[in-house]
>>> print(open('protein_12.txt').read())   # compact mmCIF, C-alpha atoms
# COMPACT_ATOMS: atom_id res chain seq x y z
CA MET F 592 25.17 8.72 42.96
CA GLU F 593 25.08 4.93 43.26
CA LYS F 594 21.53 5.15 44.65
CA TYR F 595 20.35 7.15 41.61
CA LEU F 596 22.13 4.76 39.23
CA ILE F 597 20.33 1.76 40.74
CA SER F 598 16.98 3.57 40.46
CA PHE F 599 17.68 4.45 36.84
CA LEU F 600 18.65 0.87 35.97
CA SER F 601 15.49 -0.42 37.72
CA PHE F 602 13.38 1.99 35.66
CA ILE F 603 15.02 0.77 32.45
CA LEU F 604 14.48 -2.89 33.45
CA ILE F 605 10.79 -2.31 34.24
CA GLY F 606 10.31 -0.53 30.93
CA PHE F 607 12.06 -3.34 29.03
CA THR F 608 9.95 -5.99 30.78
CA ALA F 609 6.71 -4.13 29.96
CA CYS F 610 7.72 -3.74 26.31
CA SER F 611 8.71 -7.42 26.14
CA SER F 612 5.32 -8.45 27.59
CA LYS F 613 3.47 -6.26 25.09
CA GLN F 614 5.49 -7.77 22.24
CA GLN F 615 4.67 -11.30 23.41
CA GLN F 616 0.97 -10.41 23.47
CA LYS F 617 1.26 -8.91 19.99
CA ASP F 618 3.01 -12.05 18.71
CA LYS F 619 0.07 -14.14 19.94
CA HIS F 620 -2.51 -12.10 18.02
CA ILE F 621 -2.10 -12.55 14.27
CA THR F 622 -4.24 -10.83 11.66
CA PHE F 623 -4.22 -12.53 8.26
CA GLU F 624 -5.54 -12.05 4.74
CA ARG F 625 -6.30 -14.62 2.05
CA ASN F 626 -3.14 -13.84 0.08
CA ASP F 627 -0.97 -14.49 3.15
CA PHE F 628 -1.23 -18.27 2.69
CA LYS F 629 1.70 -20.17 1.14
CA VAL F 630 -0.55 -22.09 -1.27
CA GLN F 631 -3.56 -20.75 -3.18
CA LYS F 632 -5.50 -23.38 -5.12
CA ARG F 633 -8.95 -23.95 -6.63
CA LEU F 634 -10.44 -27.41 -6.07
CA THR F 635 -13.05 -29.02 -8.32
CA GLY F 636 -15.39 -31.50 -6.67
CA LYS F 637 -17.21 -34.52 -8.03
CA THR F 638 -20.34 -36.14 -6.65
CA ILE F 639 -19.93 -39.70 -5.34
CA GLU F 640 -22.69 -41.88 -6.79
CA PHE F 641 -23.54 -44.41 -4.09
CA ASP F 642 -25.94 -47.29 -4.80
CA SER F 643 -28.36 -46.11 -2.09
CA ILE F 644 -30.07 -42.85 -1.28
CA LEU F 645 -28.22 -40.59 1.11
CA LEU F 646 -30.42 -39.40 3.97
CA ARG F 647 -29.77 -36.01 5.67
CA PRO F 648 -26.19 -36.16 6.94
CA SER F 649 -24.88 -33.45 9.26
CA GLN F 650 -21.51 -35.11 9.95
CA ILE F 651 -19.16 -37.52 8.19
CA GLN F 652 -16.08 -39.45 9.21
CA LEU F 653 -13.67 -41.84 7.50
CA PHE F 654 -12.64 -45.25 8.81
CA ASP F 655 -10.18 -46.87 6.39
CA SER F 656 -12.11 -47.10 3.09
CA PHE F 657 -15.50 -46.61 4.76
CA LEU F 658 -17.37 -43.32 4.96
CA VAL F 659 -19.89 -43.08 7.79
CA THR F 660 -22.59 -40.40 7.85
CA CYS F 661 -24.49 -39.19 10.91
CA ASN F 662 -28.00 -38.27 9.80
CA GLN F 663 -30.67 -35.92 11.14
CA GLY F 664 -34.05 -37.35 12.02
CA ALA F 665 -33.38 -40.85 10.65
CA GLU F 666 -34.69 -44.01 12.29
CA LYS F 667 -31.16 -45.41 12.08
CA GLN F 668 -28.81 -42.50 12.61
CA PHE F 669 -25.68 -43.79 10.86
CA GLN F 670 -25.20 -44.95 7.28
CA ILE F 671 -22.03 -46.83 6.28
CA PHE F 672 -20.68 -46.65 2.71
CA ASN F 673 -17.76 -48.41 1.06
CA LEU F 674 -15.81 -45.78 -0.90
CA ASN F 675 -14.20 -48.42 -3.14
CA THR F 676 -17.43 -50.12 -4.25
CA LYS F 677 -19.84 -47.18 -3.61
CA HIS F 678 -22.04 -49.73 -1.85
CA LYS F 679 -24.04 -49.00 1.30
CA GLU F 680 -22.87 -51.56 3.86
CA GLY F 681 -25.57 -50.89 6.42
CA GLU F 682 -27.28 -48.65 8.96
CA CYS F 683 -27.14 -48.63 12.76
CA ILE F 684 -27.87 -46.87 16.08
CA PRO F 685 -31.60 -46.05 16.39
CA ILE F 686 -32.94 -42.98 18.19
CA GLY F 687 -33.76 -43.62 21.82
CA GLN F 688 -32.40 -44.01 25.34
CA GLY F 689 -31.94 -47.76 25.36
CA PRO F 690 -28.56 -49.48 25.83
CA LYS F 691 -27.88 -49.56 22.06
CA GLU F 692 -29.59 -46.29 21.16
CA MET F 693 -28.62 -42.61 21.09
CA MET F 694 -30.49 -39.33 21.15
CA VAL F 695 -28.11 -36.69 19.70
CA PRO F 696 -24.89 -38.41 18.59
CA CYS F 697 -21.72 -36.91 17.13
CA PHE F 698 -18.31 -38.27 16.14
CA VAL F 699 -15.31 -38.02 18.46
CA ASN F 700 -11.93 -37.53 16.77
CA ARG F 701 -10.43 -41.02 16.54
CA ASN F 702 -9.75 -43.12 13.44
CA ASP F 703 -8.47 -46.31 15.12
CA SER F 704 -11.96 -46.98 16.51
CA VAL F 705 -15.46 -45.57 16.19
CA VAL F 706 -16.09 -43.20 19.11
CA LEU F 707 -19.45 -41.46 19.49
CA PHE F 708 -20.72 -38.88 21.96
CA ASP F 709 -24.41 -38.57 22.79
CA MET F 710 -24.98 -34.89 23.69
CA MET F 711 -28.32 -35.56 25.38
CA THR F 712 -26.93 -38.11 27.85
CA SER F 713 -23.29 -36.86 27.90
CA THR F 714 -22.10 -40.39 27.19
CA ILE F 715 -19.05 -41.46 25.16
CA LEU F 716 -19.27 -44.90 23.54
CA THR F 717 -16.42 -46.71 21.78
CA TYR F 718 -16.85 -49.44 19.14
CA SER F 719 -14.39 -51.47 17.12
CA ILE F 720 -14.35 -50.41 13.47
CA THR F 721 -15.12 -53.95 12.32
CA GLY F 722 -18.00 -54.35 14.77
CA PHE F 723 -19.53 -51.00 13.83
CA ILE F 724 -19.15 -51.45 10.07
CA ASN F 725 -20.47 -55.00 9.96
CA GLY F 726 -23.20 -54.88 12.57
CA ASN F 727 -26.64 -53.34 12.34
CA ASN F 728 -26.81 -53.57 16.13
CA PRO F 729 -23.17 -53.08 17.22
CA ASP F 730 -21.98 -53.65 20.80
CA PHE F 731 -19.85 -50.93 22.38
CA ILE F 732 -16.56 -51.92 24.01
CA SER F 733 -16.39 -49.04 26.48
CA ARG F 734 -18.74 -46.43 27.95
CA ILE F 735 -17.83 -43.18 29.74
CA SER F 736 -20.36 -40.82 31.28
CA LEU F 737 -19.35 -37.15 31.64
CA ASP F 738 -20.40 -35.44 34.87
CA THR F 739 -21.76 -32.40 32.97
CA LYS F 740 -25.25 -33.13 31.58
CA PRO F 741 -26.33 -32.36 29.01
CA LEU F 742 -23.25 -31.00 27.20
CA TRP F 743 -24.31 -29.58 23.83
CA SER F 744 -20.87 -29.80 22.28
CA ASN F 745 -18.66 -31.92 20.12
CA ILE F 746 -16.21 -33.83 22.31
CA ARG F 747 -12.54 -34.32 21.40
CA TYR F 748 -9.72 -36.41 22.83
CA LEU F 749 -6.89 -34.44 24.43
CA ASP F 750 -3.93 -36.26 25.97
CA ASN F 751 -5.40 -38.25 28.90
CA GLY F 752 -8.86 -36.76 28.76
CA PHE F 753 -11.54 -35.01 26.75
CA ILE F 754 -12.44 -31.43 25.92
CA GLY F 755 -15.72 -29.81 24.86
CA VAL F 756 -17.22 -26.36 24.37
CA SER F 757 -18.79 -25.18 27.64
CA TYR F 758 -21.42 -22.64 26.47
CA GLN F 759 -20.78 -20.87 29.78
CA ALA F 760 -19.59 -17.30 30.40
CA VAL F 761 -16.73 -18.40 32.69
CA SER F 762 -14.64 -20.03 29.96
CA PRO F 763 -15.13 -21.25 26.39
CA CYS F 764 -14.33 -24.93 27.12
CA TYR F 765 -14.38 -27.67 29.75
CA LEU F 766 -11.66 -30.27 30.28
CA PHE F 767 -12.50 -33.80 31.49
CA ASN F 768 -10.36 -36.73 32.60
CA ARG F 769 -10.70 -40.24 31.14
CA GLU F 770 -13.24 -41.13 33.83
CA GLY F 771 -15.50 -38.29 32.65
CA MET F 772 -14.94 -35.96 35.62
CA LYS F 773 -14.61 -32.25 34.84
CA THR F 774 -11.11 -31.15 35.85
CA MET F 775 -10.96 -27.47 34.82
CA ASP F 776 -12.45 -24.54 32.97
CA PHE F 777 -10.37 -24.22 29.82
CA GLY F 778 -9.26 -21.10 27.93
CA THR F 779 -10.45 -17.50 27.81
CA TYR F 780 -12.82 -15.71 25.47
CA PRO F 781 -11.19 -13.45 22.82
CA GLN F 782 -10.90 -9.80 23.67
CA SER F 783 -13.50 -7.63 21.96
CA GLU F 784 -14.13 -3.96 21.38
CA TYR F 785 -17.70 -4.65 22.52
CA SER F 786 -18.73 -4.99 26.15
CA TYR F 787 -20.72 -8.23 26.36
CA THR F 788 -22.99 -9.47 29.15
CA PRO F 789 -22.62 -13.18 30.12
CA ALA F 790 -25.64 -14.08 27.97
CA GLU F 791 -24.18 -12.22 24.99
CA ILE F 792 -20.61 -13.54 25.17
CA ILE F 793 -21.75 -17.18 25.08
CA ASN F 794 -23.43 -16.71 21.69
CA ALA F 795 -21.04 -14.15 20.25
CA PHE F 796 -18.19 -16.63 20.64
CA ARG F 797 -20.10 -19.85 20.00
CA ALA F 798 -17.56 -22.33 18.70
CA ASP F 799 -16.45 -25.75 17.54
CA LEU F 800 -13.08 -27.32 18.23
CA THR F 801 -10.53 -29.94 17.28
CA THR F 802 -7.30 -31.23 18.84
CA ASP F 803 -4.10 -32.94 17.78
CA LEU F 804 -5.11 -35.67 20.31
CA LYS F 805 -2.03 -34.86 22.44
CA ASP F 806 -1.37 -31.35 23.65
CA LYS F 807 -2.93 -28.78 21.29
CA VAL F 808 -6.48 -27.42 20.89
CA ALA F 809 -7.99 -25.25 18.14
CA VAL F 810 -11.22 -23.39 18.97
CA THR F 811 -12.91 -22.10 15.81
CA HIS F 812 -15.74 -19.58 16.09
CA TYR F 813 -19.00 -19.62 14.15
CA PHE F 814 -19.88 -15.90 14.21
CA THR F 815 -16.52 -14.13 14.27
CA ASP F 816 -13.55 -15.11 12.11
CA ILE F 817 -11.21 -15.95 14.98
CA ILE F 818 -9.36 -19.20 15.67
CA CYS F 819 -7.71 -19.66 19.08
CA LEU F 820 -4.85 -22.16 19.48
CA TYR F 821 -4.21 -23.43 23.01
CA LYS F 822 -1.80 -25.68 24.87
CA ALA F 823 -3.29 -28.58 26.81
CA ASP F 824 -3.13 -26.57 30.05
CA GLY F 825 -5.39 -23.84 28.61
CA THR F 826 -2.60 -21.36 27.77
CA LEU F 827 -3.33 -19.36 24.62
CA GLU F 828 -0.57 -19.79 22.03
CA LYS F 829 -2.03 -17.94 19.02
CA GLU F 830 -5.18 -16.04 18.13
CA LEU F 831 -5.68 -15.95 14.35
CA HIS F 832 -8.05 -13.26 13.09
CA GLY F 833 -9.16 -13.21 9.46
CA PRO F 834 -9.71 -13.23 6.60
CA ASP F 835 -12.53 -10.63 6.80
CA HIS F 836 -12.04 -9.37 10.39
CA PHE F 837 -15.65 -9.18 11.57
CA ALA F 838 -17.77 -9.89 14.62
CA SER F 839 -21.50 -10.65 14.79
CA ILE F 840 -23.02 -8.48 17.52
CA PHE F 841 -25.40 -10.16 19.99
CA LYS F 842 -27.86 -8.31 22.21
CA GLU F 843 -29.35 -9.60 25.44
CA PHE F 844 -33.11 -10.06 25.83
CA LYS F 845 -35.37 -11.06 28.69
CA ASP F 846 -38.54 -13.11 28.38
CA GLY F 847 -39.96 -13.55 31.85
CA ASP F 848 -37.33 -15.48 33.82
CA ILE F 849 -35.43 -16.41 30.66
CA ILE F 850 -32.34 -14.37 29.78
CA GLY F 851 -30.80 -14.94 26.35
CA SER F 852 -29.23 -13.11 23.44
CA LYS F 853 -29.75 -12.93 19.71
CA ALA F 854 -27.73 -11.60 16.81
CA ASP F 855 -28.27 -8.21 15.26
CA PRO F 856 -29.24 -9.26 11.69
CA ARG F 857 -27.30 -6.31 10.28
CA THR F 858 -24.03 -7.73 11.63
CA TYR F 859 -24.81 -11.47 11.64
CA ARG F 860 -22.27 -13.38 9.56
CA ASP F 861 -21.01 -16.97 9.47
CA ALA F 862 -17.34 -17.79 9.92
CA PHE F 863 -15.70 -21.21 10.53
CA TYR F 864 -17.22 -24.70 10.30
CA SER F 865 -16.06 -28.29 10.73
CA PRO F 866 -12.45 -28.05 12.00
CA VAL F 867 -10.53 -31.29 11.38
CA ASN F 868 -7.16 -32.43 12.70
CA VAL F 869 -5.05 -33.71 9.77
CA GLY F 870 -1.59 -34.73 10.97
CA ASN F 871 0.37 -31.52 11.53
CA SER F 872 -2.42 -29.32 10.18
CA ILE F 873 -5.93 -28.05 10.87
CA PHE F 874 -8.42 -28.06 7.97
CA VAL F 875 -11.43 -25.77 8.51
CA LEU F 876 -14.26 -24.56 6.28
CA TYR F 877 -15.02 -20.85 6.00
CA ASN F 878 -18.40 -19.41 5.09
CA GLY F 879 -18.23 -15.60 5.30
CA LYS F 880 -21.85 -15.03 4.18
CA LYS F 881 -24.09 -12.46 5.83
CA LEU F 882 -27.58 -13.40 6.97
CA GLU F 883 -28.99 -10.55 4.91
CA ASP F 884 -27.32 -11.82 1.71
CA VAL F 885 -29.83 -12.93 -0.92
CA ASN F 886 -27.87 -16.15 -1.49
CA TYR F 887 -27.24 -16.92 2.20
CA ASN F 888 -26.82 -20.59 3.14
CA ILE F 889 -24.48 -22.60 5.35
CA LEU F 890 -22.54 -24.14 2.45
CA CYS F 891 -18.87 -23.06 2.50
CA LYS F 892 -16.79 -22.47 -0.62
CA GLU F 893 -13.50 -21.75 1.13
CA LEU F 894 -11.23 -24.06 3.10
CA PHE F 895 -8.21 -22.93 5.11
CA VAL F 896 -5.29 -25.04 6.29
CA PHE F 897 -3.27 -23.89 9.32
CA GLY F 898 -0.29 -25.48 10.98
CA TRP F 899 -0.68 -26.30 14.66
CA ASP F 900 1.94 -23.61 15.24
CA GLY F 901 -0.38 -21.05 13.63
CA SER F 902 1.39 -21.03 10.27
CA LEU F 903 -0.72 -20.12 7.22
CA GLU F 904 -0.44 -23.14 4.92
CA CYS F 905 -3.17 -23.30 2.25
CA HIS F 906 -6.23 -21.42 1.05
CA TYR F 907 -8.48 -23.64 -1.09
CA THR F 908 -11.40 -22.26 -3.09
CA LEU F 909 -14.08 -24.89 -3.71
CA ASP F 910 -16.16 -24.91 -6.88
CA GLN F 911 -19.20 -26.01 -4.83
CA GLY F 912 -20.14 -25.44 -1.22
CA VAL F 913 -20.11 -28.03 1.58
CA SER F 914 -21.19 -27.86 5.23
CA ALA F 915 -18.92 -30.44 6.90
CA ILE F 916 -15.80 -32.35 5.87
CA ALA F 917 -13.68 -35.42 6.48
CA VAL F 918 -10.10 -35.63 5.17
CA ASP F 919 -8.05 -38.60 3.89
CA ASN F 920 -4.49 -37.35 4.32
CA GLN F 921 -2.88 -40.37 2.64
CA LYS F 922 -4.94 -40.15 -0.54
CA GLN F 923 -5.12 -36.33 -0.27
CA LYS F 924 -8.90 -36.29 -0.61
CA ILE F 925 -11.53 -34.15 1.09
CA TYR F 926 -15.10 -35.40 1.44
CA GLY F 927 -17.85 -32.85 2.02
CA ILE F 928 -21.61 -32.77 2.61
CA SER F 929 -23.81 -30.75 0.26
CA ASP F 930 -27.58 -30.30 0.17
CA ASP F 931 -27.69 -28.39 -3.12
CA PRO F 932 -30.08 -29.33 -4.61
CA GLU F 933 -30.35 -32.60 -2.64
CA TYR F 934 -28.07 -34.26 -0.08
CA HIS F 935 -24.93 -35.79 -1.58
CA ILE F 936 -21.22 -36.30 -0.86
CA VAL F 937 -18.63 -34.33 -2.82
CA GLU F 938 -15.03 -35.49 -3.24
CA PHE F 939 -12.16 -33.02 -3.76
CA LYS F 940 -8.55 -33.92 -4.57
CA TYR F 941 -6.03 -31.54 -3.01
>>> encode(input="protein_12.txt", output="structure tokens")
Amino acid sequence: MEKYLISFLSFILIGFTACSSKQQQKDKHITFERNDFKVQKRLTGKTIEFDSILLRPSQIQLFDSFLVTCNQGAEKQFQIFNLNTKHKEGECIPIGQGPKEMMVPCFVNRNDSVVLFDMMTSTILTYSITGFINGNNPDFISRISLDTKPLWSNIRYLDNGFIGVSYQAVSPCYLFNREGMKTMDFGTYPQSEYSYTPAEIINAFRADLTTDLKDKVAVTHYFTDIICLYKADGTLEKELHGPDHFASIFKEFKDGDIIGSKADPRTYRDAFYSPVNVGNSIFVLYNGKKLEDVNYNILCKELFVFGWDGSLECHYTLDQGVSAIAVDNQKQKIYGISDDPEYHIVEFKY
């Protein structure tokens, strides 16, 4: 009798453990709608009238009262504007491979210094804010070379290292130490009802990312409306799916020795852009347009705010679309890039 009792109790324990594991997995995967957010608000933007022509910015970042744009195809790739005076303070960093030049630069997420990553050379350069703002030919104060070249990704600080999107089928991200050495493959691709080849999964889950600088990572996807929140060790904490619950389907193709994948235009749809760490929150633009839409463009008219714990904080509707943002948390202002009808910077008060 005792033998059967032990077997019965073991069966119950196994069943309880399995149910508990399934519940934990369910708790990690959250499906949300627009009306699930605590705050719903419409924001009206105004164009900032600078005293100089804006070039073709693809990125912006704030440093105190200065707004710095990173521009496509410009001889000097960065323009520096004073938000108080609306005056252009200068331009810097020419295109090239010289010691004070860059090929494909992007901002790294720091506001106590100007940190830039050159995707072509996989090099991270740090400048003082004063030196960068005031100098047309600024000197960097530190230089780190990543051992993965080239790395076509934005780079973010994370604790004692850096993280970037891998564009490899093994994992969505790479983690690096402060010396630039790759230390681990980071994270796992979201589960999908579709069976993807390695070439397909890389594009289907193409992504951007941001971090809280310490121990949390948010991976936001371009072509499916999923955001994955990770711990610094690569453990998935939350997978947020919404607000439209779609996936763009990619199909593999072969062209000689080249193997790639491209989106089915009937399913192709844009999701999240420009994730930004703002204190205890993540601000991220949402597009939602389909490629086949008559009015398709990359300008986003929705902005979502999530807590780093996955909480649904705010859903902002913008009166005009923007493609990338920077956020001033103290003044509660959002700055966005628009190219409709010409390039300009839009300011929203939230």
>>> closest_residue(input="protein_12.txt", among="F:Arg797, F:Lys822, F:Lys892, F:Lys629", to="F:Leu749", atoms="all atoms listed in the file")
F:Lys822
>>> closest_residue(input="protein_12.txt", among="F:Val875, F:Ala838, F:Ala809, F:Leu890", to="F:His906", atoms="all atoms listed in the file")
F:Val875
>>> closest_residue(input="protein_12.txt", among="F:Cys891, F:Leu634, F:Leu909, F:Ala917", to="F:Asp655", atoms="only C-alpha atoms")
F:Ala917
>>> atom_distance(input="protein_12.txt", atom1="atom CA of F:Ile639", atom2="atom CA of F:Asn920")
18.4 Å
>>> atom_distance(input="protein_12.txt", atom1="atom CA of F:Pro690", atom2="atom CA of F:Phe731")
9.5 Å
>>> closest_residue(input="protein_12.txt", among="F:Arg701, F:Lys667, F:Lys677, F:His935", to="F:Leu804", atoms="all atoms listed in the file")
F:Arg701
>>> closest_residue(input="protein_12.txt", among="F:Val761, F:Ala823, F:Met772, F:Ile754", to="F:Asp738", atoms="only C-alpha atoms")
F:Met772
>>> atom_distance(input="protein_12.txt", atom1="atom CA of F:Leu653", atom2="atom CA of F:Asn702")
7.2 Å
>>> closest_residue(input="protein_12.txt", among="F:Leu903, F:Phe814, F:Lys922, F:Lys845", to="F:Lys881", atoms="all atoms listed in the file")
F:Phe814
>>> residues_around(input="protein_12.txt", residues="F:Ala915", least_positions_apart="6", cutoff="8 Å", atoms="only C-alpha atoms", output="PyMOL selection string")
chain F and resi 649-651+864-865+876+927-928
>>> residues_near_point(input="protein_12.txt", point="(-15.4, -49.1, 29.1)", cutoff="10 Å", atoms="only C-alpha atoms", output="list in words")
Ile715, Leu716, Thr717, Phe731, Ile732, Ser733, Arg734, Ile735, Ser736 and Glu770 of chain F
>>> residues_around(input="protein_12.txt", residues="F:Met775", least_positions_apart="3", cutoff="8 Å", atoms="only C-alpha atoms", output="mmCIF file with C-alpha atoms, keeping the file's coordinate frame")
data_model
loop_
_atom_site.group_PDB
_atom_site.id
_atom_site.type_symbol
_atom_site.label_atom_id
_atom_site.label_comp_id
_atom_site.auth_asym_id
_atom_site.auth_seq_id
_atom_site.Cartn_x
_atom_site.Cartn_y
_atom_site.Cartn_z
ATOM 1 C CA TYR F 765 -14.380 -27.670 29.750
ATOM 2 C CA LEU F 766 -11.660 -30.270 30.280
ATOM 3 C CA PHE F 767 -12.500 -33.800 31.490
#
>>> residues_around(input="protein_12.txt", residues="stretch 722-725 of chain F", least_positions_apart="4", cutoff="12 Å", atoms="only C-alpha atoms", output="number ranges by chain")
F: 653-660, 669-673, 679-684, 691, 704-707, 716-718, 729-732
